[in-house]
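Note: the block below is coords-v2.txt and it holds compact mmCIF, C-alpha atoms.
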```
# COMPACT_ATOMS: atom_id res chain seq x y z
CA MET A 4 -26.45 17.22 -25.30
CA ARG A 5 -22.81 17.66 -26.18
CA THR A 6 -21.92 19.41 -29.39
CA SER A 7 -18.41 19.33 -30.84
CA VAL A 8 -17.54 22.00 -33.36
CA TYR A 9 -14.25 21.85 -35.24
CA VAL A 10 -12.43 24.16 -37.58
CA LEU A 11 -11.09 22.37 -40.64
CA LYS A 12 -7.42 23.19 -41.11
CA ILE A 13 -6.41 20.92 -43.94
CA LEU A 14 -4.45 22.24 -46.90
CA ILE A 15 -4.63 20.02 -49.98
CA LEU A 16 -2.18 20.49 -52.83
CA VAL A 17 -2.33 18.71 -56.16
CA GLU A 18 0.98 17.78 -57.76
CA MET A 19 2.13 15.60 -60.63
CA HIS A 20 4.81 12.89 -60.46
CA LEU A 21 6.40 10.89 -63.28
CA HIS A 22 5.86 7.18 -62.70
CA GLN A 23 6.78 4.48 -65.24
CA HIS A 24 6.70 6.97 -68.13
CA GLN A 25 3.26 8.24 -67.06
CA CYS A 26 2.26 11.05 -64.73
CA CYS A 27 0.71 10.26 -61.38
CA GLN A 28 -1.68 12.83 -59.94
CA ARG A 29 -1.15 13.06 -56.19
CA LEU A 30 -2.37 14.99 -53.19
CA LEU A 31 -0.37 16.31 -50.28
CA VAL A 32 -2.37 16.77 -47.10
CA VAL A 33 -0.72 19.31 -44.81
CA GLU A 34 -2.08 19.90 -41.32
CA ARG A 35 -0.94 22.57 -38.90
CA LEU A 36 -0.92 21.39 -35.28
CA GLN A 37 -0.10 24.49 -33.22
CA SER A 38 3.41 25.32 -34.48
CA LEU A 39 4.02 21.89 -36.02
CA VAL A 40 3.21 21.21 -39.68
CA VAL A 41 2.44 17.57 -40.46
CA ARG A 42 2.81 16.46 -44.09
CA TYR A 43 1.14 13.16 -44.84
CA PRO A 44 2.45 10.81 -47.55
CA SER A 45 1.22 11.79 -51.00
CA ILE A 46 -2.07 10.26 -52.11
CA ALA A 47 -2.80 9.20 -55.69
CA VAL A 48 -6.13 9.34 -57.48
CA VAL A 49 -7.71 5.87 -57.42
CA HIS A 50 -10.04 6.08 -60.44
CA LEU A 51 -8.97 7.55 -63.77
CA PHE A 52 -11.41 9.67 -65.77
CA ASP A 53 -12.04 8.54 -69.35
CA ILE A 54 -15.02 10.00 -71.20
CA ASP A 55 -16.17 10.13 -74.81
CA VAL A 56 -19.39 12.02 -75.55
CA PRO A 57 -19.51 12.73 -79.31
CA GLY A 58 -20.01 16.39 -80.06
CA ASP A 59 -19.38 17.40 -76.45
CA ILE A 60 -16.19 16.12 -74.80
CA THR A 61 -13.48 13.49 -75.19
CA PHE A 62 -10.95 13.14 -72.39
CA ARG A 63 -8.74 10.20 -71.33
CA GLU A 64 -6.72 10.44 -68.14
CA SER A 65 -5.55 6.85 -68.61
CA ASP A 66 -3.46 7.94 -71.60
CA THR A 67 -1.15 9.98 -69.38
CA LEU A 68 -1.89 9.15 -65.72
CA THR A 69 -1.33 6.15 -63.48
CA ALA A 70 -3.99 5.27 -60.89
CA GLY A 71 -3.27 5.01 -57.18
CA GLU A 72 -3.07 1.62 -55.50
CA LYS A 73 -5.11 2.10 -52.33
CA PRO A 74 -7.65 4.39 -50.64
CA THR A 75 -6.38 6.74 -47.94
CA ILE A 76 -7.70 7.99 -44.61
CA VAL A 77 -5.84 10.50 -42.47
CA ASP A 78 -6.39 11.02 -38.74
CA THR A 79 -6.17 14.70 -37.86
CA ASP A 80 -6.95 17.00 -34.96
CA VAL A 81 -10.28 17.67 -36.68
CA GLY A 82 -11.29 14.04 -37.08
CA ARG A 83 -10.81 11.16 -39.49
CA ILE A 84 -10.89 12.26 -43.12
CA GLY A 85 -11.17 10.11 -46.23
CA ILE A 86 -9.46 11.44 -49.34
CA GLY A 87 -10.52 11.13 -52.97
CA ILE A 88 -9.54 13.03 -56.09
CA CYS A 89 -12.04 14.26 -58.69
CA HIS A 90 -13.37 11.15 -60.52
CA ASP A 91 -13.14 9.14 -57.27
CA ILE A 92 -16.34 10.86 -56.13
CA ARG A 93 -18.37 8.95 -58.73
CA PHE A 94 -17.72 5.61 -57.02
CA PRO A 95 -20.01 4.97 -54.02
CA GLU A 96 -17.96 1.93 -52.96
CA LEU A 97 -15.00 4.11 -52.03
CA ALA A 98 -17.16 6.39 -49.91
CA MET A 99 -18.80 3.37 -48.25
CA LEU A 100 -15.37 2.00 -47.42
CA TYR A 101 -14.38 5.32 -45.82
CA GLU A 102 -17.58 5.41 -43.77
CA ALA A 103 -17.00 1.84 -42.60
CA ARG A 104 -13.47 2.81 -41.54
CA GLY A 105 -14.87 5.57 -39.36
CA ALA A 106 -14.42 8.69 -41.50
CA HIS A 107 -16.26 11.82 -40.35
CA LEU A 108 -15.67 13.65 -43.60
CA ILE A 109 -14.62 12.83 -47.15
CA CYS A 110 -12.71 15.48 -49.05
CA TYR A 111 -12.65 15.49 -52.86
CA PRO A 112 -10.65 18.14 -54.70
CA GLY A 113 -11.75 18.03 -58.31
CA ALA A 114 -12.30 19.84 -61.59
CA PHE A 115 -15.51 18.72 -63.27
CA ASN A 116 -16.02 20.35 -66.66
CA MET A 117 -18.90 22.60 -67.64
CA SER A 118 -20.99 19.68 -68.91
CA THR A 119 -20.52 17.09 -66.18
CA GLY A 120 -20.30 19.78 -63.52
CA GLN A 121 -23.72 21.22 -64.20
CA LEU A 122 -25.35 17.79 -64.33
CA LEU A 123 -23.50 15.83 -61.66
CA TRP A 124 -21.16 17.79 -59.36
CA GLU A 125 -23.66 18.74 -56.65
CA LEU A 126 -25.82 15.65 -57.18
CA ILE A 127 -22.97 13.21 -56.54
CA GLN A 128 -21.67 15.11 -53.52
CA ARG A 129 -25.09 15.04 -51.88
CA ALA A 130 -25.50 11.35 -52.69
CA ARG A 131 -22.14 10.40 -51.15
CA ALA A 132 -22.96 12.41 -48.00
CA ALA A 133 -26.55 11.18 -47.59
CA ASP A 134 -25.80 7.52 -48.38
CA ASN A 135 -23.04 7.38 -45.77
CA GLN A 136 -24.43 9.96 -43.31
CA LEU A 137 -21.23 11.97 -43.07
CA PHE A 138 -19.81 15.26 -44.35
CA VAL A 139 -18.47 15.74 -47.86
CA ALA A 140 -16.25 18.68 -48.80
CA THR A 141 -15.19 19.44 -52.36
CA CYS A 142 -12.68 21.94 -53.69
CA SER A 143 -12.75 22.88 -57.36
CA LEU A 144 -10.82 25.15 -59.65
CA ALA A 145 -12.68 28.37 -60.34
CA CYS A 146 -14.29 28.75 -63.74
CA ASP A 147 -11.92 30.44 -66.20
CA VAL A 148 -13.52 30.65 -69.65
CA ASP A 149 -10.16 31.53 -71.22
CA ALA A 150 -8.41 28.41 -69.92
CA SER A 151 -7.71 25.38 -72.11
CA TYR A 152 -9.80 23.32 -69.66
CA VAL A 153 -12.81 25.13 -68.21
CA ALA A 154 -13.78 23.86 -64.76
CA TRP A 155 -17.27 24.12 -63.31
CA GLY A 156 -16.16 25.54 -59.95
CA HIS A 157 -18.76 25.43 -57.15
CA SER A 158 -16.70 24.12 -54.23
CA THR A 159 -19.18 22.80 -51.68
CA LEU A 160 -19.66 21.51 -48.15
CA VAL A 161 -22.47 18.97 -47.69
CA GLY A 162 -23.92 17.66 -44.42
CA PRO A 163 -24.85 14.08 -43.43
CA PHE A 164 -28.48 14.44 -44.61
CA GLY A 165 -27.35 15.63 -48.02
CA GLU A 166 -27.99 19.25 -47.13
CA ILE A 167 -25.87 22.03 -48.65
CA ILE A 168 -24.07 23.86 -45.84
CA ALA A 169 -21.94 26.17 -47.96
CA LYS A 170 -21.29 26.55 -51.67
CA ALA A 171 -19.14 28.75 -53.88
CA GLY A 172 -20.06 29.87 -57.38
CA TYR A 173 -17.97 30.13 -60.51
CA GLN A 174 -15.50 32.64 -59.08
CA GLU A 175 -12.43 32.09 -56.94
CA ILE A 176 -13.45 32.46 -53.29
CA THR A 177 -12.45 31.45 -49.77
CA LEU A 178 -15.30 29.36 -48.38
CA ILE A 179 -15.55 29.16 -44.57
CA ALA A 180 -18.09 27.02 -42.71
CA GLU A 181 -18.48 25.17 -39.41
CA ILE A 182 -18.68 21.38 -39.29
CA ASP A 183 -20.56 19.94 -36.32
CA TYR A 184 -19.76 16.23 -36.03
CA TYR A 185 -22.67 15.73 -33.62
CA LEU A 186 -24.92 15.88 -36.70
CA ILE A 187 -23.46 12.55 -37.84
CA GLN A 188 -24.59 10.85 -34.64
CA LEU A 189 -27.96 12.62 -34.78
CA ARG A 190 -28.73 11.64 -38.38
CA ARG A 191 -27.66 8.05 -37.81
CA THR A 192 -30.00 7.92 -34.82
CA ASN A 193 -32.84 9.48 -36.83
CA LEU A 194 -32.31 7.09 -39.72
CA PRO A 195 -30.27 4.01 -38.64
CA LEU A 196 -29.13 2.82 -42.06
CA GLU A 197 -26.40 0.66 -40.53
CA LYS A 198 -28.98 -1.43 -38.67
CA GLN A 199 -31.23 -1.61 -41.72
CA ARG A 200 -28.61 -2.95 -44.13
CA ARG A 201 -29.18 -6.52 -45.30
CA GLY A 202 -25.91 -8.23 -44.50
CA ASP A 203 -27.52 -11.53 -45.47
CA LEU A 204 -27.91 -10.25 -49.05
CA TYR A 205 -24.80 -8.13 -49.69
CA LYS A 206 -21.53 -7.10 -48.07
CA LEU A 207 -18.87 -4.46 -48.56
CA VAL A 208 -15.48 -6.16 -48.69
CA ASP A 209 -12.41 -4.09 -47.82
CA LEU A 210 -9.67 -5.99 -49.65
CA GLU A 211 -6.90 -4.18 -47.80
CA ARG A 212 -8.32 -5.29 -44.47
CA LEU A 213 -9.09 -8.74 -45.83
CA ASP A 214 -5.41 -9.16 -46.69
CA THR A 215 -4.59 -8.44 -43.03
CA GLN A 216 -7.23 -10.99 -41.93
CA GLN A 217 -9.59 -8.40 -40.50
CA GLY A 218 -12.38 -9.67 -42.74
CA PRO A 219 -15.30 -7.92 -44.44
CA LEU A 220 -16.53 -4.62 -43.05
CA ARG A 221 -20.16 -5.67 -43.22
```

When written as C-alpha cells, how does the structure in this file appear?
Amino acid sequence: MRTSVYVLKILILVEMHLHQHQCCQRLLVVERLQSLVVRYPSIAVVHLFDIDVPGDITFRESDTLTAGEKPTIVDTDVGRIGIGICHDIRFPELAMLYEARGAHLICYPGAFNMSTGQLLWELIQRARAADNQLFVATCSLACDVDASYVAWGHSTLVGPFGEIIAKAGYQEITLIAEIDYYLIQLRRTNLPLEKQRRGDLYKLVDLERLDTQQGPLR
C-alpha cells in the first residue's frame, strides 16, 4: 500500500478590484516551489451572496460586486486544487464540476456571519467533501465582536468521508494538518459513487468543456 502525504503550501489572498463601476472580489493563489514563487491569475467569486432575513440580517453583494465568469482549478506541487470563495461553497454543482475535473481538494476562503455560520458553515463543508469524496479546506476571518461585520471563524479541514480532520475556533490561529490523498482512492473504493451514478437519468454538464467540444463530464 502506497501512501502519499503532502504539505499544503498555498497562500490565498483576497483583494478587491474595480470593474465596470463595481468591485470584483478576487483571490490570488501564490505557491512557493523551492525558491520560485508562482502567482496564478486572480480568481473571482462565482456566486454573489444576497440574503434578506427580516429581524436578523440583510446583505447584498450584488449591489457592489461583480461575479466571476468561470470556475478555476490550479495544478500545484501538492495536487489539483479547485478554488471557490465564500458563497460558492453553497453550490454543489461547482464542487461536482471540480471533482469531475480531477481536483483532490477544494479550498474556500470565506466569512460566514454568526447566524449562517453556526447553522451551515460546517454542515456545507462536510457535504461538499462527502458528496465528492475529496478534501475541503476553508479559511475564515476570526470572530471579532467589535468589527462592523462579525465573522463566524472556524476554519476547517474536512476529509473525503466528511470527517473533520482539523478545526479552529473563534480566535485567530494557525491551523496545521496533514492531507493524505490516498484516502480519496480508499473512500472511492469503499463507496464507488461514480459507478453508482445514474447517467441515464441525469448528467453534469461542464459548459466550458462543452464549448471546446469535450462534451458532458458524465

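The space between CA of Ala140 (chain A) and CA of Pro195 (chain A) spans 22.7 Å.
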
request  = Can you work out the spacing between CA of Gly58 (chain A) and CA of Gly156 (chain A) in Å, to one decimal?
outcome  =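 Computing it gives 22.4 Å between the two atoms.
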
message = Under the rule that all atoms listed in the file are counted, which of A:Phe52, A:Phe164, A:Tyr205, A:Phe62 is the nearest residue to Gly113 (chain A)?
response =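 Among A:Phe52, A:Phe164, A:Tyr205, A:Phe62, it is A:Phe52 that comes nearest to Gly113 (chain A).
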
Output as a Markdown table one row per residue of region 122-216 of chain A within 10 Å of region 67-88 of chain A: the closest atom pair and its distance in Å to one decimal place, counting only C-alpha atoms, sorted by chain and residue number ascending.
```
| residue | atom | partner | partner_atom | distance |
| --- | --- | --- | --- | --- |
| A:Phe138 | CA | A:Ile84 | CA | 9.5 |
| A:Val139 | CA | A:Gly85 | CA | 9.4 |
| A:Ala140 | CA | A:Ile86 | CA | 9.9 |
| A:Thr141 | CA | A:Ile88 | CA | 9.3 |
| A:Cys142 | CA | A:Ile88 | CA | 9.7 |
| A:Ile182 | CA | A:Val81 | CA | 9.5 |
| A:Tyr184 | CA | A:Gly82 | CA | 8.8 |
| A:Leu210 | CA | A:Lys73 | CA | 9.7 |
| A:Glu211 | CA | A:Lys73 | CA | 7.9 |
```

note = Computed gap from CA of Leu207 (chain A) to CA of Leu160 (chain A) is 26.0 Å

ask   = Can you list, as a list in words, every protein, DNA or RNA residue that comes within 12 Å of Leu178 (chain A) when you count all atoms listed in the file, leaving out same-chain residues fewer than 5 positions away?
value =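 With the cut-off at 12 Å, the set is Leu11, Ala140, Thr141, Cys142, Ser143, His157, Ser158, Thr159, Leu160, Ile168, Ala169, Lys170, Ala171 and Gly172 of chain A.
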
task = Within 12 Å of (-13.0, 25.9, -67.5) (coordinates as in the file), grab all the protein and nucleic acid residues, counting only C-alpha atoms, and write them out as number ranges by chain.
result = A: 114-120, 143-157, 173-174

query = Quick one: residues within 8 Å of region 90-98 of chain A, all atoms listed in the file counted, chain neighbours fewer than 6 positions away excluded, as an NGL selection string?
reply = :A and (48-52 or 74 or 109 or 111 or 113 or 127-128 or 131 or 135 or 207)

Since the input lacks atoms, please generate N, CA and C atoms for region 145-175 of chain A and provide them as an mmCIF file, in the coordinates of the input.
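Listed below is the output, out-v3.cif:
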```
data_model
loop_
_atom_site.group_PDB
_atom_site.id
_atom_site.type_symbol
_atom_site.label_atom_id
_atom_site.label_comp_id
_atom_site.auth_asym_id
_atom_site.auth_seq_id
_atom_site.Cartn_x
_atom_site.Cartn_y
_atom_site.Cartn_z
ATOM 1 N N ALA A 145 -11.685 27.390 -59.918
ATOM 2 C CA ALA A 145 -12.680 28.370 -60.340
ATOM 3 C C ALA A 145 -12.874 28.277 -61.851
ATOM 4 N N CYS A 146 -13.984 28.785 -62.320
ATOM 5 C CA CYS A 146 -14.290 28.750 -63.740
ATOM 6 C C CYS A 146 -13.546 29.865 -64.473
ATOM 7 N N ASP A 147 -12.676 29.487 -65.389
ATOM 8 C CA ASP A 147 -11.920 30.440 -66.200
ATOM 9 C C ASP A 147 -12.216 30.132 -67.670
ATOM 10 N N VAL A 148 -13.057 30.932 -68.290
ATOM 11 C CA VAL A 148 -13.520 30.650 -69.650
ATOM 12 C C VAL A 148 -12.391 30.775 -70.678
ATOM 13 N N ASP A 149 -11.287 31.387 -70.297
ATOM 14 C CA ASP A 149 -10.160 31.530 -71.220
ATOM 15 C C ASP A 149 -9.139 30.407 -71.087
ATOM 16 N N ALA A 150 -9.349 29.515 -70.145
ATOM 17 C CA ALA A 150 -8.410 28.410 -69.920
ATOM 18 C C ALA A 150 -8.614 27.315 -70.967
ATOM 19 N N SER A 151 -7.587 26.488 -71.161
ATOM 20 C CA SER A 151 -7.710 25.380 -72.110
ATOM 21 C C SER A 151 -8.688 24.326 -71.595
ATOM 22 N N TYR A 152 -8.810 24.203 -70.276
ATOM 23 C CA TYR A 152 -9.800 23.320 -69.660
ATOM 24 C C TYR A 152 -10.650 24.183 -68.731
ATOM 25 N N VAL A 153 -11.929 24.260 -68.994
ATOM 26 C CA VAL A 153 -12.810 25.130 -68.210
ATOM 27 C C VAL A 153 -13.508 24.301 -67.139
ATOM 28 N N ALA A 154 -13.196 24.589 -65.887
ATOM 29 C CA ALA A 154 -13.780 23.860 -64.760
ATOM 30 C C ALA A 154 -15.102 24.493 -64.337
ATOM 31 N N TRP A 155 -15.941 23.683 -63.737
ATOM 32 C CA TRP A 155 -17.270 24.120 -63.310
ATOM 33 C C TRP A 155 -17.217 24.986 -62.054
ATOM 34 N N GLY A 156 -16.203 24.786 -61.207
ATOM 35 C CA GLY A 156 -16.160 25.540 -59.950
ATOM 36 C C GLY A 156 -17.105 24.951 -58.927
ATOM 37 N N HIS A 157 -17.724 25.824 -58.119
ATOM 38 C CA HIS A 157 -18.760 25.430 -57.150
ATOM 39 C C HIS A 157 -18.238 24.481 -56.066
ATOM 40 N N SER A 158 -17.145 24.860 -55.413
ATOM 41 C CA SER A 158 -16.700 24.120 -54.230
ATOM 42 C C SER A 158 -17.839 24.107 -53.210
ATOM 43 N N THR A 159 -17.978 22.986 -52.492
ATOM 44 C CA THR A 159 -19.180 22.800 -51.680
ATOM 45 C C THR A 159 -18.869 22.041 -50.395
ATOM 46 N N LEU A 160 -19.656 22.307 -49.361
ATOM 47 C CA LEU A 160 -19.660 21.510 -48.150
ATOM 48 C C LEU A 160 -21.075 20.966 -47.951
ATOM 49 N N VAL A 161 -21.181 19.636 -47.810
ATOM 50 C CA VAL A 161 -22.470 18.970 -47.690
ATOM 51 C C VAL A 161 -22.548 18.241 -46.350
ATOM 52 N N GLY A 162 -23.713 18.311 -45.701
ATOM 53 C CA GLY A 162 -23.920 17.660 -44.420
ATOM 54 C C GLY A 162 -24.424 16.243 -44.546
ATOM 55 N N PRO A 163 -24.540 15.507 -43.418
ATOM 56 C CA PRO A 163 -24.850 14.080 -43.430
ATOM 57 C C PRO A 163 -26.281 13.718 -43.826
ATOM 58 N N PHE A 164 -27.152 14.688 -44.055
ATOM 59 C CA PHE A 164 -28.480 14.440 -44.610
ATOM 60 C C PHE A 164 -28.547 14.860 -46.070
ATOM 61 N N GLY A 165 -27.391 15.179 -46.640
ATOM 62 C CA GLY A 165 -27.350 15.630 -48.020
ATOM 63 C C GLY A 165 -27.654 17.103 -48.189
ATOM 64 N N GLU A 166 -27.658 17.830 -47.075
ATOM 65 C CA GLU A 166 -27.990 19.250 -47.130
ATOM 66 C C GLU A 166 -26.755 20.089 -47.488
ATOM 67 N N ILE A 167 -26.959 21.127 -48.284
ATOM 68 C CA ILE A 167 -25.870 22.030 -48.650
ATOM 69 C C ILE A 167 -25.625 23.000 -47.487
ATOM 70 N N ILE A 168 -24.422 22.966 -46.939
ATOM 71 C CA ILE A 168 -24.070 23.860 -45.840
ATOM 72 C C ILE A 168 -23.437 25.140 -46.366
ATOM 73 N N ALA A 169 -22.588 24.999 -47.359
ATOM 74 C CA ALA A 169 -21.940 26.170 -47.960
ATOM 75 C C ALA A 169 -21.560 25.820 -49.390
ATOM 76 N N LYS A 170 -21.619 26.816 -50.262
ATOM 77 C CA LYS A 170 -21.290 26.550 -51.670
ATOM 78 C C LYS A 170 -20.748 27.811 -52.321
ATOM 79 N N ALA A 171 -19.681 27.651 -53.087
ATOM 80 C CA ALA A 171 -19.140 28.750 -53.880
ATOM 81 C C ALA A 171 -19.836 28.769 -55.237
ATOM 82 N N GLY A 172 -19.530 29.781 -56.027
ATOM 83 C CA GLY A 172 -20.060 29.870 -57.380
ATOM 84 C C GLY A 172 -18.966 29.564 -58.387
ATOM 85 N N TYR A 173 -18.976 30.308 -59.478
ATOM 86 C CA TYR A 173 -17.970 30.130 -60.510
ATOM 87 C C TYR A 173 -16.631 30.777 -60.145
ATOM 88 N N GLN A 174 -16.689 31.832 -59.334
ATOM 89 C CA GLN A 174 -15.500 32.640 -59.080
ATOM 90 C C GLN A 174 -14.605 32.031 -58.002
ATOM 91 N N GLU A 175 -13.358 32.465 -57.996
ATOM 92 C CA GLU A 175 -12.430 32.090 -56.940
ATOM 93 C C GLU A 175 -12.878 32.742 -55.635
#
```
